[in-house]
file final.csv (CSV, N, CA and C atoms)
chain,number,residue,atom,x,y,z
A,230,MET,N,28.0,67.5,81.2
A,230,MET,CA,27.7,66.7,80.0
A,230,MET,C,29.0,66.0,79.6
A,231,GLY,N,28.9,64.7,79.6
A,231,GLY,CA,30.1,63.9,79.3
A,231,GLY,C,30.4,63.8,77.8
A,232,LYS,N,31.6,63.6,77.4
A,232,LYS,CA,32.0,63.4,76.0
A,232,LYS,C,31.6,62.0,75.5
A,233,THR,N,31.0,61.9,74.4
A,233,THR,CA,30.7,60.6,73.8
A,233,THR,C,32.0,59.9,73.4
A,234,MET,N,32.1,58.7,73.8
A,234,MET,CA,33.3,57.9,73.4
A,234,MET,C,33.1,57.4,72.0
A,235,ILE,N,34.1,57.6,71.2
A,235,ILE,CA,34.1,57.1,69.8
A,235,ILE,C,35.0,55.8,69.8
A,236,GLU,N,34.4,54.8,69.2
A,236,GLU,CA,35.1,53.5,69.2
A,236,GLU,C,35.6,53.1,67.8
A,237,LYS,N,36.7,52.6,67.7
A,237,LYS,CA,37.3,52.1,66.4
A,237,LYS,C,36.5,50.8,66.1
A,238,TYR,N,36.1,50.7,64.8
A,238,TYR,CA,35.4,49.5,64.3
A,238,TYR,C,36.4,48.4,64.1
A,239,SER,N,35.9,47.2,64.3
A,239,SER,CA,36.7,46.0,64.0
A,239,SER,C,36.7,45.8,62.4
A,240,ASP,N,37.6,44.9,62.0
A,240,ASP,CA,37.6,44.6,60.5
A,240,ASP,C,36.3,44.1,60.1
A,241,ALA,N,35.7,43.2,60.8
A,241,ALA,CA,34.4,42.6,60.5
A,241,ALA,C,33.3,43.7,60.4
A,242,GLU,N,33.3,44.6,61.4
A,242,GLU,CA,32.3,45.7,61.4
A,242,GLU,C,32.5,46.6,60.1
A,243,ILE,N,33.7,46.9,59.8
A,243,ILE,CA,34.1,47.7,58.7
A,243,ILE,C,33.6,47.1,57.4
A,244,GLU,N,33.9,45.8,57.2
A,244,GLU,CA,33.5,45.1,56.0
A,244,GLU,C,31.9,45.1,55.9
A,245,LYS,N,31.2,44.8,56.9
A,245,LYS,CA,29.8,44.8,56.9
A,245,LYS,C,29.2,46.2,56.5
A,246,LEU,N,29.7,47.2,57.2
A,246,LEU,CA,29.3,48.6,56.9
A,246,LEU,C,29.7,49.1,55.5
A,247,LEU,N,30.8,48.6,55.0
A,247,LEU,CA,31.3,49.0,53.7
A,247,LEU,C,30.4,48.4,52.6
A,248,GLN,N,30.0,47.1,52.8
A,248,GLN,CA,29.1,46.5,51.9
A,248,GLN,C,27.7,47.3,51.9
A,249,ALA,N,27.2,47.7,53.0
A,249,ALA,CA,26.0,48.4,53.1
A,249,ALA,C,26.1,49.8,52.4
A,250,LEU,N,27.2,50.5,52.7
A,250,LEU,CA,27.5,51.8,52.1
A,250,LEU,C,27.5,51.7,50.5
A,251,ASN,N,28.2,50.6,50.1
A,251,ASN,CA,28.4,50.5,48.6
A,251,ASN,C,27.2,49.8,47.9
A,252,HIS,N,26.2,49.4,48.6
A,252,HIS,CA,25.1,48.8,48.0
A,252,HIS,C,24.5,49.7,46.9
A,253,GLU,N,24.5,49.2,45.7
A,253,GLU,CA,24.0,50.0,44.5
A,253,GLU,C,24.9,51.2,44.1
A,254,LEU,N,26.1,51.3,44.5
A,254,LEU,CA,26.9,52.4,44.1
A,254,LEU,C,27.7,52.0,42.9
A,255,ALA,N,27.7,52.8,41.8
A,255,ALA,CA,28.5,52.5,40.6
A,255,ALA,C,30.0,52.7,40.9
A,256,ASN,N,30.2,53.7,41.8
A,256,ASN,CA,31.6,54.0,42.1
A,256,ASN,C,31.8,53.8,43.6
A,257,PRO,N,32.1,52.5,44.0
A,257,PRO,CA,32.1,52.2,45.5
A,257,PRO,C,33.3,52.7,46.2
A,258,TRP,N,33.1,52.8,47.5
A,258,TRP,CA,34.2,53.1,48.5
A,258,TRP,C,35.0,51.8,48.6
A,259,GLU,N,36.3,52.0,49.0
A,259,GLU,CA,37.1,50.8,49.2
A,259,GLU,C,38.0,51.1,50.5
A,260,LEU,N,38.5,50.0,51.0
A,260,LEU,CA,39.4,50.2,52.1
A,260,LEU,C,40.8,50.2,51.6
A,261,ARG,N,41.5,51.3,51.8
A,261,ARG,CA,42.9,51.5,51.3
A,261,ARG,C,43.7,52.1,52.4
A,262,ASN,N,44.8,51.4,52.8
A,262,ASN,CA,45.7,51.9,53.8
A,262,ASN,C,45.0,52.2,55.1
A,263,GLY,N,44.0,51.4,55.5
A,263,GLY,CA,43.3,51.5,56.7
A,263,GLY,C,42.3,52.7,56.8
A,264,LYS,N,42.0,53.2,55.6
A,264,LYS,CA,41.0,54.3,55.5
A,264,LYS,C,39.9,54.0,54.5
A,265,LEU,N,38.8,54.6,54.7
A,265,LEU,CA,37.8,54.6,53.6
A,265,LEU,C,38.2,55.5,52.5
A,266,HIS,N,38.3,55.0,51.3
A,266,HIS,CA,38.9,55.7,50.2
A,266,HIS,C,37.9,55.7,49.0
A,267,LYS,N,37.9,56.9,48.3
A,267,LYS,CA,37.1,57.0,47.1
A,267,LYS,C,37.7,58.1,46.2
A,268,ASP,N,37.7,57.7,44.9
A,268,ASP,CA,38.2,58.7,43.8
A,268,ASP,C,36.9,59.1,43.0
A,269,ILE,N,36.7,60.4,42.9
A,269,ILE,CA,35.5,60.9,42.2
A,269,ILE,C,36.0,61.8,41.0
A,270,ARG,N,35.4,61.6,39.9
A,270,ARG,CA,35.7,62.5,38.7
A,270,ARG,C,34.4,63.3,38.4
A,271,PHE,N,34.7,64.5,38.1
A,271,PHE,CA,33.6,65.5,37.8
A,271,PHE,C,33.8,66.0,36.3
A,272,ALA,N,32.9,66.7,35.8
A,272,ALA,CA,33.0,67.2,34.4
A,272,ALA,C,34.1,68.2,34.3
A,273,ASN,N,34.4,69.0,35.4
A,273,ASN,CA,35.4,70.0,35.3
A,273,ASN,C,35.8,70.5,36.7
A,274,PHE,N,36.7,71.4,36.8
A,274,PHE,CA,37.2,71.9,38.1
A,274,PHE,C,36.2,72.6,38.9
A,275,ILE,N,35.3,73.3,38.3
A,275,ILE,CA,34.3,74.1,39.0
A,275,ILE,C,33.3,73.1,39.7
A,276,ASP,N,32.9,72.0,39.0
A,276,ASP,CA,32.0,71.0,39.6
A,276,ASP,C,32.7,70.3,40.8
A,277,ALA,N,34.0,70.0,40.6
A,277,ALA,CA,34.8,69.4,41.7
A,277,ALA,C,34.9,70.3,42.9
A,278,PHE,N,35.2,71.5,42.7
A,278,PHE,CA,35.3,72.5,43.8
A,278,PHE,C,34.0,72.8,44.4
A,279,ALA,N,32.9,72.9,43.7
A,279,ALA,CA,31.6,73.1,44.3
A,279,ALA,C,31.2,71.9,45.2
A,280,PHE,N,31.5,70.7,44.7
A,280,PHE,CA,31.3,69.5,45.5
A,280,PHE,C,32.1,69.6,46.8
A,281,MET,N,33.4,69.9,46.7
A,281,MET,CA,34.2,70.0,47.9
A,281,MET,C,33.7,71.1,48.9
A,282,THR,N,33.2,72.2,48.4
A,282,THR,CA,32.7,73.2,49.2
A,282,THR,C,31.4,72.7,50.0
A,283,ALA,N,30.6,72.0,49.3
A,283,ALA,CA,29.4,71.4,49.9
A,283,ALA,C,29.8,70.4,51.0
A,284,VAL,N,30.7,69.6,50.7
A,284,VAL,CA,31.2,68.6,51.7
A,284,VAL,C,31.8,69.3,52.9
A,285,ALA,N,32.6,70.4,52.6
A,285,ALA,CA,33.2,71.1,53.7
A,285,ALA,C,32.2,71.6,54.7
A,286,MET,N,31.1,72.2,54.2
A,286,MET,CA,30.1,72.7,55.1
A,286,MET,C,29.5,71.6,56.0
A,287,HIS,N,29.2,70.4,55.5
A,287,HIS,CA,28.7,69.3,56.3
A,287,HIS,C,29.8,68.7,57.2
A,288,ALA,N,31.0,68.6,56.7
A,288,ALA,CA,32.1,68.1,57.5
A,288,ALA,C,32.3,69.0,58.8
A,289,GLU,N,32.2,70.3,58.6
A,289,GLU,CA,32.3,71.2,59.8
A,289,GLU,C,31.2,71.0,60.8
A,290,LYS,N,30.0,70.8,60.3
A,290,LYS,CA,28.8,70.6,61.2
A,290,LYS,C,29.0,69.2,61.9
A,291,GLN,N,29.6,68.2,61.2
A,291,GLN,CA,29.8,66.9,61.8
A,291,GLN,C,31.0,66.9,62.7
A,292,ASN,N,31.8,67.9,62.6
A,292,ASN,CA,33.1,68.0,63.3
A,292,ASN,C,34.0,66.8,63.0
A,293,HIS,N,34.0,66.5,61.7
A,293,HIS,CA,34.8,65.4,61.2
A,293,HIS,C,35.3,65.8,59.8
A,294,HIS,N,36.5,65.8,59.5
A,294,HIS,CA,37.0,66.4,58.3
A,294,HIS,C,37.8,65.4,57.5
A,295,PRO,N,37.6,65.4,56.1
A,295,PRO,CA,38.2,64.4,55.3
A,295,PRO,C,39.7,64.7,55.0
A,296,GLU,N,40.5,63.7,54.7
A,296,GLU,CA,41.8,63.9,54.1
A,296,GLU,C,41.5,63.9,52.6
A,297,TRP,N,41.7,64.9,51.9
A,297,TRP,CA,41.4,64.9,50.4
A,297,TRP,C,42.3,65.7,49.6
A,298,CYS,N,42.2,65.5,48.3
A,298,CYS,CA,43.1,66.1,47.3
A,298,CYS,C,42.2,66.4,46.1
A,299,ASN,N,42.5,67.5,45.5
A,299,ASN,CA,41.8,67.9,44.2
A,299,ASN,C,42.8,68.2,43.2
A,300,VAL,N,42.7,67.6,42.0
A,300,VAL,CA,43.5,67.9,40.9
A,300,VAL,C,42.5,68.0,39.7
A,301,TYR,N,42.3,69.2,39.2
A,301,TYR,CA,41.4,69.6,38.2
A,301,TYR,C,40.0,69.0,38.4
A,302,ASN,N,39.6,67.9,37.7
A,302,ASN,CA,38.2,67.4,37.9
A,302,ASN,C,38.2,66.2,38.8
A,303,ARG,N,39.2,65.9,39.5
A,303,ARG,CA,39.3,64.7,40.3
A,303,ARG,C,39.4,65.1,41.8
A,304,VAL,N,38.6,64.4,42.6
A,304,VAL,CA,38.7,64.6,44.1
A,304,VAL,C,39.0,63.2,44.6
A,305,THR,N,40.0,63.1,45.4
A,305,THR,CA,40.4,61.9,46.1
A,305,THR,C,40.1,62.1,47.6
A,306,ILE,N,39.3,61.1,48.2
A,306,ILE,CA,38.9,61.3,49.6
A,306,ILE,C,39.4,60.1,50.4
A,307,ASP,N,40.0,60.3,51.6
A,307,ASP,CA,40.3,59.3,52.6
A,307,ASP,C,39.7,59.7,53.9
A,308,LEU,N,39.0,58.7,54.5
A,308,LEU,CA,38.3,59.0,55.8
A,308,LEU,C,38.9,58.1,56.9
A,309,THR,N,39.3,58.7,58.0
A,309,THR,CA,39.8,57.9,59.1
A,309,THR,C,39.5,58.8,60.4
A,310,THR,N,39.4,58.2,61.5
A,310,THR,CA,39.3,58.9,62.8
A,310,THR,C,40.6,58.8,63.5
A,311,HIS,N,41.3,59.9,63.5
A,311,HIS,CA,42.7,59.9,64.1
A,311,HIS,C,42.7,59.6,65.5
A,312,GLU,N,41.7,60.1,66.3
A,312,GLU,CA,41.7,59.9,67.7
A,312,GLU,C,41.5,58.4,68.1
A,313,VAL,N,41.0,57.5,67.2
A,313,VAL,CA,40.9,56.1,67.6
A,313,VAL,C,41.9,55.3,66.8
A,314,GLY,N,42.6,55.9,65.9
A,314,GLY,CA,43.6,55.2,65.1
A,314,GLY,C,43.0,54.2,64.1
A,315,GLY,N,41.9,54.6,63.5
A,315,GLY,CA,41.2,53.7,62.6
A,315,GLY,C,39.9,54.3,62.1
A,316,ILE,N,39.0,53.4,61.7
A,316,ILE,CA,37.7,53.8,61.1
A,316,ILE,C,36.6,53.7,62.2
A,317,SER,N,35.8,54.7,62.3
A,317,SER,CA,34.7,54.8,63.3
A,317,SER,C,33.4,55.1,62.6
A,318,ALA,N,32.4,55.2,63.4
A,318,ALA,CA,31.1,55.6,62.9
A,318,ALA,C,31.1,57.0,62.2
A,319,ARG,N,32.0,57.9,62.7
A,319,ARG,CA,32.2,59.2,62.1
A,319,ARG,C,32.5,59.1,60.6
A,320,ASP,N,33.4,58.2,60.3
A,320,ASP,CA,33.8,58.0,58.9
A,320,ASP,C,32.7,57.6,58.0
A,321,PHE,N,31.9,56.6,58.5
A,321,PHE,CA,30.8,56.1,57.7
A,321,PHE,C,29.7,57.2,57.6
A,322,GLU,N,29.5,58.0,58.6
A,322,GLU,CA,28.5,59.0,58.6
A,322,GLU,C,28.9,60.1,57.5
A,323,LEU,N,30.2,60.4,57.5
A,323,LEU,CA,30.6,61.4,56.5
A,323,LEU,C,30.6,60.8,55.1
A,324,ALA,N,30.9,59.6,55.0
A,324,ALA,CA,30.8,58.9,53.6
A,324,ALA,C,29.4,58.9,53.1
A,325,GLU,N,28.4,58.7,54.0
A,325,GLU,CA,27.0,58.7,53.6
A,325,GLU,C,26.6,60.2,53.2
A,326,THR,N,27.1,61.1,53.9
A,326,THR,CA,26.8,62.5,53.6
A,326,THR,C,27.4,62.8,52.2
A,327,ILE,N,28.6,62.4,52.0
A,327,ILE,CA,29.3,62.6,50.7
A,327,ILE,C,28.5,62.0,49.5
A,328,GLU,N,28.0,60.8,49.7
A,328,GLU,CA,27.2,60.2,48.7
A,328,GLU,C,25.9,61.0,48.4
A,329,ARG,N,25.3,61.6,49.4
A,329,ARG,CA,24.1,62.4,49.2
A,329,ARG,C,24.4,63.7,48.5
A,330,LEU,N,25.6,64.2,48.6
A,330,LEU,CA,26.0,65.4,48.0
A,330,LEU,C,26.5,65.3,46.5
A,331,LEU,N,26.8,64.0,46.1
A,331,LEU,CA,27.2,63.8,44.8
A,331,LEU,C,26.1,64.0,43.8
A,332,PRO,N,26.4,64.6,42.6
A,332,PRO,CA,25.3,64.8,41.6
A,332,PRO,C,24.9,63.4,41.1
A,333,PRO,N,23.7,63.3,40.7
A,333,PRO,CA,23.2,62.0,40.1
A,333,PRO,C,24.0,61.6,38.9
A,334,ALA,N,24.3,60.3,38.8
A,334,ALA,CA,25.1,59.8,37.7
A,334,ALA,C,24.2,59.8,36.4
A,335,GLY,N,24.9,60.0,35.3
A,335,GLY,CA,24.2,59.9,34.0
A,335,GLY,C,24.1,61.2,33.4

call {"tool": "encode", "arguments": {"input": "final.csv", "output": "structure tokens"}}
result
Amino acid sequence: MGKTMIEKYSDAEIEKLLQALNHELANPWELRNGKLHKDIRFANFIDAFAFMTAVAMHAEKQNHHPEWCNVYNRVTIDLTTHEVGGISARDFELAETIERLLPPAG
């Protein structure tokens, strides 16, 4: 069984997929330092940590792990695919998973 080749997306592909990902999001993803980037605020540390735990379970299943930081109620996420030196389908797949795991706004 051969290994699936992961390809780095072009700037045009990233822009198109970023627009689709951000469609109707109050807190959109952005491109920062060549990575998909998002800052998320929660009510408190417990909610932020619970969210990170849920993401960790899915990231492990997808075999793609975020670069992230947590300070009290804030989680900062950067997604990139190191093996291609940029953004790939893996990053958008994980970003979509992250969006599904976020609690509803309001």

call {"tool": "select_by_dssp", "arguments": {"input": "final.csv", "residues": "chain A", "states": "helix (DSSP H, G or I)", "output": "PyMOL selection string"}}
result
chain A and resi 240-251+274-291+311-313+318-330

call {"tool": "closest_residue", "arguments": {"input": "final.csv", "among": "A:Ile316, A:Leu260, A:His294, A:Phe280", "to": "Pro332 of chain A", "atoms": "all atoms listed in the file"}}
result
A:Phe280

call {"tool": "residues_around", "arguments": {"input": "final.csv", "residues": "Gly314 of chain A", "least_positions_apart": "4", "cutoff": "8 Å", "atoms": "all atoms listed in the file", "output": "number ranges by chain"}}
result
A: 236-238, 263, 309-310

call {"tool": "write_last_selection", "arguments": {"input": "final.csv", "atoms": "N, CA and C atoms", "output": "mmCIF file, in the frame of the given file"}}
result
data_model
loop_
_atom_site.group_PDB
_atom_site.id
_atom_site.type_symbol
_atom_site.label_atom_id
_atom_site.label_comp_id
_atom_site.auth_asym_id
_atom_site.auth_seq_id
_atom_site.Cartn_x
_atom_site.Cartn_y
_atom_site.Cartn_z
ATOM 1 N N GLU A 236 34.400 54.800 69.200
ATOM 2 C CA GLU A 236 35.100 53.500 69.200
ATOM 3 C C GLU A 236 35.600 53.100 67.800
ATOM 4 N N LYS A 237 36.700 52.600 67.700
ATOM 5 C CA LYS A 237 37.300 52.100 66.400
ATOM 6 C C LYS A 237 36.500 50.800 66.100
ATOM 7 N N TYR A 238 36.100 50.700 64.800
ATOM 8 C CA TYR A 238 35.400 49.500 64.300
ATOM 9 C C TYR A 238 36.400 48.400 64.100
ATOM 10 N N GLY A 263 44.000 51.400 55.500
ATOM 11 C CA GLY A 263 43.300 51.500 56.700
ATOM 12 C C GLY A 263 42.300 52.700 56.800
ATOM 13 N N THR A 309 39.300 58.700 58.000
ATOM 14 C CA THR A 309 39.800 57.900 59.100
ATOM 15 C C THR A 309 39.500 58.800 60.400
ATOM 16 N N THR A 310 39.400 58.200 61.500
ATOM 17 C CA THR A 310 39.300 58.900 62.800
ATOM 18 C C THR A 310 40.600 58.800 63.500
#

call {"tool": "residues_near_point", "arguments": {"input": "final.csv", "point": "(46.8, 55.3, 53.7)", "cutoff": "10 Å", "atoms": "only C-alpha atoms", "output": "PyMOL selection string"}}
result
chain A and resi 260-266+296+307-309

call {"tool": "closest_atom_pairs", "arguments": {"input": "final.csv", "of": "segment 307-329 of chain A", "to": "segment 246-253 of chain A", "cutoff": "8 Å", "atoms": "all atoms listed in the file", "output": "CSV"}}
result
residue,atom,partner,partner_atom,distance
A:Phe321,CA,A:Leu246,C,7.4
A:Ala324,C,A:Leu250,CA,7.4
A:Glu325,CA,A:Leu250,CA,7.1

call {"tool": "atom_distance", "arguments": {"input": "final.csv", "atom1": "atom N of Thr326 of chain A", "atom2": "atom C of Glu289 of chain A"}}
result
12.7 Å

call {"tool": "closest_residue", "arguments": {"input": "final.csv", "among": "A:Ile243, A:Arg319, A:Met234, A:Pro333", "to": "Asn292 of chain A", "atoms": "only N, CA and C atoms"}}
result
A:Arg319

call {"tool": "atom_distance", "arguments": {"input": "final.csv", "atom1": "atom C of Asp320 of chain A", "atom2": "atom CA of Tyr301 of chain A"}}
result
24.7 Å

call {"tool": "select_by_dssp", "arguments": {"input": "final.csv", "residues": "segment 252-334 of chain A", "states": "strand (DSSP E or B)", "output": "VMD selection string"}}
result
chain A and resid 259 to 261 264 to 270 296 to 300 303 to 308 310 315

call {"tool": "decode", "arguments": {"input": "final.csv", "residues": "segment 301-312 of chain A", "atoms": "all heavy atoms", "output": "compact mmCIF listing (two decimals), in the first residue's frame"}}
result
# COMPACT_ATOMS: atom_id res chain seq x y z
N TYR A 301 -5.00 31.07 29.95
CA TYR A 301 -6.28 31.19 30.64
C TYR A 301 -7.44 30.83 29.71
O TYR A 301 -7.65 29.67 29.43
CB TYR A 301 -6.46 32.56 31.31
CG TYR A 301 -7.77 32.67 32.04
CD1 TYR A 301 -8.10 31.77 33.06
CD2 TYR A 301 -8.70 33.63 31.70
CE1 TYR A 301 -9.33 31.83 33.70
CE2 TYR A 301 -9.93 33.71 32.34
CZ TYR A 301 -10.24 32.80 33.34
OH TYR A 301 -11.45 32.87 33.97
N ASN A 302 -8.20 31.81 29.23
CA ASN A 302 -9.39 31.50 28.44
C ASN A 302 -9.17 31.66 26.94
O ASN A 302 -10.10 31.62 26.16
CB ASN A 302 -10.56 32.40 28.87
CG ASN A 302 -10.36 33.86 28.49
OD1 ASN A 302 -9.24 34.32 28.33
ND2 ASN A 302 -11.45 34.58 28.36
N ARG A 303 -7.91 31.83 26.51
CA ARG A 303 -7.61 32.05 25.10
C ARG A 303 -6.80 30.88 24.54
O ARG A 303 -5.86 30.41 25.16
CB ARG A 303 -6.81 33.35 24.95
CG ARG A 303 -6.74 33.82 23.50
CD ARG A 303 -5.98 35.12 23.39
NE ARG A 303 -4.55 34.80 23.43
CZ ARG A 303 -3.67 35.37 24.23
NH1 ARG A 303 -4.03 36.28 25.09
NH2 ARG A 303 -2.41 35.01 24.20
N VAL A 304 -7.21 30.46 23.35
CA VAL A 304 -6.47 29.43 22.62
C VAL A 304 -6.07 30.04 21.27
O VAL A 304 -6.92 30.56 20.54
CB VAL A 304 -7.31 28.15 22.40
CG1 VAL A 304 -6.53 27.13 21.57
CG2 VAL A 304 -7.73 27.55 23.73
N THR A 305 -4.78 29.98 20.98
CA THR A 305 -4.26 30.46 19.70
C THR A 305 -3.82 29.24 18.91
O THR A 305 -3.09 28.40 19.44
CB THR A 305 -3.07 31.41 19.92
OG1 THR A 305 -3.51 32.51 20.73
CG2 THR A 305 -2.53 31.94 18.61
N ILE A 306 -4.29 29.15 17.67
CA ILE A 306 -4.02 27.97 16.84
C ILE A 306 -3.35 28.40 15.55
O ILE A 306 -3.79 29.34 14.89
CB ILE A 306 -5.32 27.22 16.51
CG1 ILE A 306 -6.06 26.81 17.78
CG2 ILE A 306 -5.04 26.01 15.62
CD1 ILE A 306 -7.44 26.25 17.55
N ASP A 307 -2.30 27.68 15.16
CA ASP A 307 -1.66 27.82 13.86
C ASP A 307 -1.59 26.44 13.22
O ASP A 307 -1.18 25.48 13.86
CB ASP A 307 -0.24 28.39 14.00
CG ASP A 307 -0.25 29.85 14.36
OD1 ASP A 307 -0.84 30.65 13.60
OD2 ASP A 307 0.33 30.21 15.40
N LEU A 308 -2.00 26.38 11.95
CA LEU A 308 -1.99 25.11 11.23
C LEU A 308 -1.08 25.22 10.01
O LEU A 308 -1.18 26.16 9.22
CB LEU A 308 -3.40 24.73 10.77
CG LEU A 308 -4.45 24.60 11.87
CD1 LEU A 308 -5.82 24.29 11.26
CD2 LEU A 308 -4.06 23.54 12.88
N THR A 309 -0.20 24.25 9.88
CA THR A 309 0.69 24.15 8.73
C THR A 309 1.09 22.69 8.58
O THR A 309 1.00 21.91 9.54
CB THR A 309 1.94 25.05 8.90
OG1 THR A 309 2.69 25.04 7.67
CG2 THR A 309 2.82 24.60 10.04
N THR A 310 1.51 22.32 7.39
CA THR A 310 1.97 20.95 7.14
C THR A 310 3.47 21.02 6.94
O THR A 310 3.96 21.43 5.89
CB THR A 310 1.27 20.36 5.89
OG1 THR A 310 -0.15 20.44 6.08
CG2 THR A 310 1.67 18.91 5.68
N HIS A 311 4.22 20.64 7.97
CA HIS A 311 5.67 20.77 7.94
C HIS A 311 6.31 19.99 6.81
O HIS A 311 7.26 20.46 6.19
CB HIS A 311 6.26 20.34 9.29
CG HIS A 311 5.86 21.26 10.40
ND1 HIS A 311 6.46 22.48 10.62
CD2 HIS A 311 4.90 21.14 11.35
CE1 HIS A 311 5.90 23.07 11.65
NE2 HIS A 311 4.94 22.28 12.12
N GLU A 312 5.77 18.81 6.49
CA GLU A 312 6.41 17.98 5.47
C GLU A 312 6.33 18.56 4.07
O GLU A 312 7.09 18.17 3.20
CB GLU A 312 5.88 16.54 5.50
CG GLU A 312 4.41 16.41 5.21
CD GLU A 312 3.88 15.04 5.61
OE1 GLU A 312 3.50 14.88 6.77
OE2 GLU A 312 3.85 14.15 4.74
